[in-house]
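K.L.:
This is the structure I have questions about; it appears just below.
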Amino acid sequence: MNTTITPLREPAATFPGPDRPARRTGAVLALARFEARELLLQIPVLVFTALYVGVVAVGLMRQEGMDDFPVLHRVDRETQTAPLLLAIALLVCTNAAALRSRKHGTVQQFDVLAMEPWRRTLAHLLSVVPFAALTAVVVAAEFTREALKPGAIGHGSLGELAVGPLSVLLAGITGVLLARVVPSSFAPILFVVAVYLLIVTASAAAGSDDAWVSRLSPIPVSDIAGGDDPVPSDLLGRPAAWHALYLAGLCALLSCAALLFSGGRIRAVRAATALALAATTAGVIGQVPRDTEALEAARKTASTTPQKVQSCTTYGRSTYCAFPEWNGVRDDWARVVDRVQSAAGGTAAETRLTVRQRIDTSGGIEVDSSLAPSTTPAEVTVGTRWGGNRVPEFAVGVATVLVAGSEDAAQDFCDARPVTIMWLVLGTDPTPLSTFTKLRLDDATIGSGHVLAPTNGLSLTAQQTAVVRELLTRPQAQVSTQVKTHWSELTSPKTSTAEAARLLGVAAPEGADSCEE
């Protein structure tokens, strides 16, 4: 019997595959992509992401008159609040994702996998990055839309714009860290409550002298009230770049802490922890107020003697003085002045006015305050908000100075002059009745009321209102001719409202002016 001996085959040639570090990196990125998709499918994240994008989209589509002249160093701060919706959802859902294996009792099964626990934690941390990137895109779109408007005022800050995306990133990282330190689903809720109480308590305990402590929250709360009256950006005193560095360093520091708690005590993580701690510390130190006396002096100068920090230019016969960031709006002021002055008669038609921009920082920064009337003859006040209702309000200020000579001289007129002022404002307006309604504090065109202006405004009696309303029903050219013909009488304190009505060819209102009763 013959035995056939078959020689052993040579082992198949092996080709070098990807190196081990590259495979590990690819595995981490693959897991991060999976976790990011899982996060997006979570109802809180999905709902709040859609809500955040929807709120921003609706805000961009629904624009008002003053939105045509956005103040960019306010717009950048306005992008910081809406991302908090997404941030809170990520805090809860990243925590739940990191606790998923513990919840389902599969922690022990991970021991047979080649991926170390700290790399799985790294994947959870990286899964938050797409949401921070989405926030950055939305913030950029929101700011760019405003910055591209022809009437945009000032400039934005990259540090302020970075706060929204960094807050979202920080919230997601915090959720992962809490899962590693306190493996409980209630930890995020307790954490949010504790942080809120800490911020409120620290701000109250620090007082006004140490208000900078509140800047250590993701969205800093400072002495800026965020009212309706912007101020020049150099008066804000907000260290936006240092705050952005602080947030970025804090994100890195908390990420390293999560990796260390997961067993990632390798040299790279330790080095990154040291760098993150240094960046966070630098960000904190950079936000400590310096030279506050100089800042307060600059605010006082801008408030009490703005001419020292303003530049002026001449359009036609009048001079227009503004803070540097508002120089591009001066030609719009000039168009209003020319329109109002074209309806005036006598020497008022040739009066050289000085339009000066003013702010009031005595009660705080960006608070809704009433500017005191200027005592300087032929000087008209204009604020830092423009567009919408601010345009006819400024026209009221211009007409008041043309009729009374100065703003402080216009105090409780009980004669024909309010009628003359309102005609100068409304007579050349394309929509006089609508503008009249917007100017009145009570949004009415009957009865007595207060007319808004950059300073104290103007009070109208019921009789004066009736005459103005009648004038708006008559041909504009005819009334303009009569106003210019009887200018001296219509601007005299001795002329009553009834006499003004007769001079202008409308029925005199019944009874005496309310202010005479």
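Each chain of the structure tokens is named A, B, ... in the order shown, its residues numbered from 1; ligands are numbered from 1 in display order.
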Could you pull the residues within 8 Å of Arg356 (chain A), counting only C-alpha atoms, minus those fewer than 2 positions along the same chain, as an mmCIF file with all heavy atoms, in the first residue's frame?
P.N.:
```cif
data_model
loop_
_atom_site.group_PDB
_atom_site.id
_atom_site.type_symbol
_atom_site.label_atom_id
_atom_site.label_comp_id
_atom_site.auth_asym_id
_atom_site.auth_seq_id
_atom_site.Cartn_x
_atom_site.Cartn_y
_atom_site.Cartn_z
ATOM 1 N N TYR A 320 -23.762 117.722 11.931
ATOM 2 C CA TYR A 320 -24.188 116.468 12.522
ATOM 3 C C TYR A 320 -23.000 115.818 13.233
ATOM 4 O O TYR A 320 -21.974 115.536 12.613
ATOM 5 C CB TYR A 320 -24.750 115.534 11.451
ATOM 6 C CG TYR A 320 -25.908 116.154 10.705
ATOM 7 C CD1 TYR A 320 -25.695 117.004 9.618
ATOM 8 C CD2 TYR A 320 -27.213 115.926 11.111
ATOM 9 C CE1 TYR A 320 -26.749 117.597 8.954
ATOM 10 C CE2 TYR A 320 -28.277 116.509 10.449
ATOM 11 C CZ TYR A 320 -28.047 117.346 9.370
ATOM 12 O OH TYR A 320 -29.105 117.943 8.722
ATOM 13 N N CYS A 321 -23.143 115.604 14.540
ATOM 14 C CA CYS A 321 -22.059 115.081 15.371
ATOM 15 C C CYS A 321 -22.478 113.722 15.948
ATOM 16 O O CYS A 321 -23.562 113.602 16.529
ATOM 17 C CB CYS A 321 -21.734 116.042 16.507
ATOM 18 S SG CYS A 321 -21.280 117.713 15.942
ATOM 19 N N ALA A 322 -21.613 112.728 15.800
ATOM 20 C CA ALA A 322 -21.961 111.367 16.213
ATOM 21 C C ALA A 322 -20.736 110.675 16.791
ATOM 22 O O ALA A 322 -19.591 111.054 16.541
ATOM 23 C CB ALA A 322 -22.493 110.572 15.019
ATOM 24 N N THR A 354 -27.538 122.091 14.932
ATOM 25 C CA THR A 354 -26.493 121.132 15.307
ATOM 26 C C THR A 354 -27.183 119.902 15.860
ATOM 27 O O THR A 354 -27.853 119.965 16.891
ATOM 28 C CB THR A 354 -25.539 121.715 16.356
ATOM 29 O OG1 THR A 354 -24.875 122.858 15.818
ATOM 30 C CG2 THR A 354 -24.508 120.676 16.773
ATOM 31 N N ARG A 358 -26.464 111.704 21.729
ATOM 32 C CA ARG A 358 -26.252 111.723 23.175
ATOM 33 C C ARG A 358 -26.650 110.383 23.792
ATOM 34 O O ARG A 358 -27.533 109.688 23.280
ATOM 35 C CB ARG A 358 -27.060 112.850 23.825
ATOM 36 C CG ARG A 358 -26.614 114.256 23.432
ATOM 37 C CD ARG A 358 -27.601 115.283 23.914
ATOM 38 N NE ARG A 358 -27.802 115.195 25.367
ATOM 39 C CZ ARG A 358 -28.871 115.637 25.999
ATOM 40 N NH1 ARG A 358 -29.856 116.204 25.319
ATOM 41 N NH2 ARG A 358 -28.975 115.532 27.318
ATOM 42 N N GLU A 379 -29.721 123.225 19.030
ATOM 43 C CA GLU A 379 -29.126 121.880 19.112
ATOM 44 C C GLU A 379 -30.229 120.844 19.272
ATOM 45 O O GLU A 379 -31.091 120.961 20.144
ATOM 46 C CB GLU A 379 -28.145 121.786 20.276
ATOM 47 C CG GLU A 379 -27.467 120.415 20.368
ATOM 48 C CD GLU A 379 -26.376 120.364 21.414
ATOM 49 O OE1 GLU A 379 -25.260 120.855 21.136
ATOM 50 O OE2 GLU A 379 -26.648 119.862 22.526
ATOM 51 N N VAL A 380 -30.173 119.798 18.440
ATOM 52 C CA VAL A 380 -31.171 118.729 18.436
ATOM 53 C C VAL A 380 -30.505 117.442 18.908
ATOM 54 O O VAL A 380 -29.418 117.092 18.459
ATOM 55 C CB VAL A 380 -31.771 118.525 17.034
ATOM 56 C CG1 VAL A 380 -32.859 117.454 17.072
ATOM 57 C CG2 VAL A 380 -32.323 119.833 16.489
ATOM 58 N N THR A 381 -31.172 116.740 19.809
ATOM 59 C CA THR A 381 -30.653 115.480 20.345
ATOM 60 C C THR A 381 -31.118 114.310 19.486
ATOM 61 O O THR A 381 -32.261 114.258 19.050
ATOM 62 C CB THR A 381 -31.133 115.278 21.790
ATOM 63 O OG1 THR A 381 -30.578 116.303 22.612
ATOM 64 C CG2 THR A 381 -30.716 113.924 22.323
ATOM 65 N N VAL A 382 -30.211 113.376 19.271
ATOM 66 C CA VAL A 382 -30.564 112.113 18.620
ATOM 67 C C VAL A 382 -29.916 110.998 19.425
ATOM 68 O O VAL A 382 -28.815 111.152 19.956
ATOM 69 C CB VAL A 382 -30.096 112.092 17.145
ATOM 70 C CG1 VAL A 382 -28.584 112.151 17.041
ATOM 71 C CG2 VAL A 382 -30.626 110.855 16.428
#
```
K.L.:
Could you please write out, as an MDAnalysis selection string, every residue of region 239-466 of chain A that DSSP assigns to helix (DSSP H, G or I)?
P.N.:
chainID A and resid 240:261 267:286 292:304 306:308 324:341 346:350 390:404 417:426 432:439 462:466
K.L.:
Find the spatial neighbours of region 486-499 of chain A, counting only C-alpha atoms, within a cut-off of 8 Å - ignore same-chain residues fewer than 6 positions away - and output them as number ranges by chain.
P.N.:
A: 344-346, 403-404, 413-417, 419-420, 463-464, 467, 508-509, 513
K.L.:
Run DSSP on the backbone and give me the residues of region 163-339 of chain A it puts in strand (DSSP E), as a PDB file with all heavy atoms, in the first residue's frame.
P.N.:
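Saved file part16.pdb follows:
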```pdb
ATOM      1  N   SER A 311     -17.093 113.085  16.237  1.00  0.00           N
ATOM      2  CA  SER A 311     -16.672 113.792  15.026  1.00  0.00           C
ATOM      3  C   SER A 311     -17.908 114.399  14.385  1.00  0.00           C
ATOM      4  O   SER A 311     -19.015 113.872  14.506  1.00  0.00           O
ATOM      5  CB  SER A 311     -15.986 112.836  14.047  1.00  0.00           C
ATOM      6  OG  SER A 311     -16.883 111.802  13.649  1.00  0.00           O
ATOM      7  N   CYS A 312     -17.733 115.507  13.705  1.00  0.00           N
ATOM      8  CA  CYS A 312     -18.864 116.241  13.117  1.00  0.00           C
ATOM      9  C   CYS A 312     -18.656 116.414  11.620  1.00  0.00           C
ATOM     10  O   CYS A 312     -17.516 116.475  11.128  1.00  0.00           O
ATOM     11  CB  CYS A 312     -19.021 117.618  13.788  1.00  0.00           C
ATOM     12  SG  CYS A 312     -19.321 117.556  15.565  1.00  0.00           S
ATOM     13  N   THR A 313     -19.746 116.497  10.920  1.00  0.00           N
ATOM     14  CA  THR A 313     -19.720 116.769   9.497  1.00  0.00           C
ATOM     15  C   THR A 313     -20.904 117.656   9.155  1.00  0.00           C
ATOM     16  O   THR A 313     -21.876 117.739   9.919  1.00  0.00           O
ATOM     17  CB  THR A 313     -19.770 115.473   8.671  1.00  0.00           C
ATOM     18  OG1 THR A 313     -19.533 115.761   7.290  1.00  0.00           O
ATOM     19  CG2 THR A 313     -21.117 114.789   8.817  1.00  0.00           C
ATOM     20  N   THR A 314     -20.830 118.330   8.027  1.00  0.00           N
ATOM     21  CA  THR A 314     -21.871 119.265   7.618  1.00  0.00           C
ATOM     22  C   THR A 314     -22.574 118.759   6.371  1.00  0.00           C
ATOM     23  O   THR A 314     -21.926 118.389   5.388  1.00  0.00           O
ATOM     24  CB  THR A 314     -21.281 120.656   7.346  1.00  0.00           C
ATOM     25  OG1 THR A 314     -20.648 121.139   8.534  1.00  0.00           O
ATOM     26  CG2 THR A 314     -22.360 121.643   6.927  1.00  0.00           C
ATOM     27  N   TYR A 315     -23.895 118.701   6.451  1.00  0.00           N
ATOM     28  CA  TYR A 315     -24.741 118.409   5.298  1.00  0.00           C
ATOM     29  C   TYR A 315     -25.654 119.606   5.119  1.00  0.00           C
ATOM     30  O   TYR A 315     -26.419 119.950   6.024  1.00  0.00           O
ATOM     31  CB  TYR A 315     -25.581 117.151   5.522  1.00  0.00           C
ATOM     32  CG  TYR A 315     -24.792 115.868   5.570  1.00  0.00           C
ATOM     33  CD1 TYR A 315     -24.397 115.318   6.785  1.00  0.00           C
ATOM     34  CD2 TYR A 315     -24.457 115.190   4.401  1.00  0.00           C
ATOM     35  CE1 TYR A 315     -23.690 114.122   6.842  1.00  0.00           C
ATOM     36  CE2 TYR A 315     -23.744 114.001   4.446  1.00  0.00           C
ATOM     37  CZ  TYR A 315     -23.369 113.481   5.666  1.00  0.00           C
ATOM     38  OH  TYR A 315     -22.660 112.299   5.715  1.00  0.00           O
ATOM     39  N   SER A 318     -26.672 122.417   8.102  1.00  0.00           N
ATOM     40  CA  SER A 318     -26.618 121.937   9.486  1.00  0.00           C
ATOM     41  C   SER A 318     -25.411 121.032   9.719  1.00  0.00           C
ATOM     42  O   SER A 318     -24.841 120.462   8.789  1.00  0.00           O
ATOM     43  CB  SER A 318     -27.904 121.195   9.847  1.00  0.00           C
ATOM     44  OG  SER A 318     -29.029 122.064   9.761  1.00  0.00           O
ATOM     45  N   THR A 319     -25.050 120.891  10.992  1.00  0.00           N
ATOM     46  CA  THR A 319     -23.904 120.084  11.412  1.00  0.00           C
ATOM     47  C   THR A 319     -24.391 118.868  12.181  1.00  0.00           C
ATOM     48  O   THR A 319     -25.308 118.971  13.014  1.00  0.00           O
ATOM     49  CB  THR A 319     -22.960 120.917  12.295  1.00  0.00           C
ATOM     50  OG1 THR A 319     -22.538 122.077  11.562  1.00  0.00           O
ATOM     51  CG2 THR A 319     -21.741 120.112  12.707  1.00  0.00           C
ATOM     52  N   TYR A 320     -23.762 117.722  11.931  1.00  0.00           N
ATOM     53  CA  TYR A 320     -24.188 116.468  12.522  1.00  0.00           C
ATOM     54  C   TYR A 320     -23.000 115.818  13.233  1.00  0.00           C
ATOM     55  O   TYR A 320     -21.974 115.536  12.613  1.00  0.00           O
ATOM     56  CB  TYR A 320     -24.750 115.534  11.451  1.00  0.00           C
ATOM     57  CG  TYR A 320     -25.908 116.154  10.705  1.00  0.00           C
ATOM     58  CD1 TYR A 320     -25.695 117.004   9.618  1.00  0.00           C
ATOM     59  CD2 TYR A 320     -27.213 115.926  11.111  1.00  0.00           C
ATOM     60  CE1 TYR A 320     -26.749 117.597   8.954  1.00  0.00           C
ATOM     61  CE2 TYR A 320     -28.277 116.509  10.449  1.00  0.00           C
ATOM     62  CZ  TYR A 320     -28.047 117.346   9.370  1.00  0.00           C
ATOM     63  OH  TYR A 320     -29.105 117.943   8.722  1.00  0.00           O
ATOM     64  N   CYS A 321     -23.143 115.604  14.540  1.00  0.00           N
ATOM     65  CA  CYS A 321     -22.059 115.081  15.371  1.00  0.00           C
ATOM     66  C   CYS A 321     -22.478 113.722  15.948  1.00  0.00           C
ATOM     67  O   CYS A 321     -23.562 113.602  16.529  1.00  0.00           O
ATOM     68  CB  CYS A 321     -21.734 116.042  16.507  1.00  0.00           C
ATOM     69  SG  CYS A 321     -21.280 117.713  15.942  1.00  0.00           S
ATOM     70  N   ALA A 322     -21.613 112.728  15.800  1.00  0.00           N
ATOM     71  CA  ALA A 322     -21.961 111.367  16.213  1.00  0.00           C
ATOM     72  C   ALA A 322     -20.736 110.675  16.791  1.00  0.00           C
ATOM     73  O   ALA A 322     -19.591 111.054  16.541  1.00  0.00           O
ATOM     74  CB  ALA A 322     -22.493 110.572  15.019  1.00  0.00           C
TER      75      ALA A 322
END
```
K.L.:
Using only C-alpha atoms, determine which residues lie at most 10 Å from Gly383 (chain A), disregarding the query and same-chain residues fewer than 4 positions distant; provide the list as an MDAnalysis selection string.
P.N.:
chainID A and resid 229:231 322 356:360 371 390 394 453:455
K.L.:
Measure the distance from CA of Cys251 (chain A) to CA of Arg238 (chain A) in Å and round it to one decimal.
P.N.:
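Going from CA of Cys251 (chain A) over to CA of Arg238 (chain A) covers 20.8 Å.
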K.L.:
Could you please determine the separation between CA of Leu353 (chain A) and CA of Phe323 (chain A) in Å, to one decimal place?
P.N.:
17.7 Å
K.L.:
Closest to Arg299 (chain A) among A:Ala140, A:Val336, A:Leu122, A:Leu236, using only C-alpha atoms?
P.N.:
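Using only C-alpha atoms, Arg299 (chain A) sits closest to A:Leu236.
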K.L.:
Measuring atom to atom with only C-alpha atoms, identify which of A:Ala466, A:Thr273, A:Arg474, A:Ala348 is nearest to Ala500 (chain A).
P.N.:
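Nearest candidate to Ala500 (chain A) out of A:Ala466, A:Thr273, A:Arg474, A:Ala348: A:Ala466.
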K.L.:
Write out as an NGL selection string which residues come within 9 Å of Trp326 (chain A) when counting only C-alpha atoms, dropping same-chain ones fewer than 5 positions away.
P.N.:
:A and (153-154 or 232 or 357 or 384)
K.L.:
Pick out the closest residue to Thr461 (chain A) from this set: A:Thr445, A:Thr473, A:Thr347, A:Thr400. Count only C-alpha atoms.
P.N.:
A:Thr445
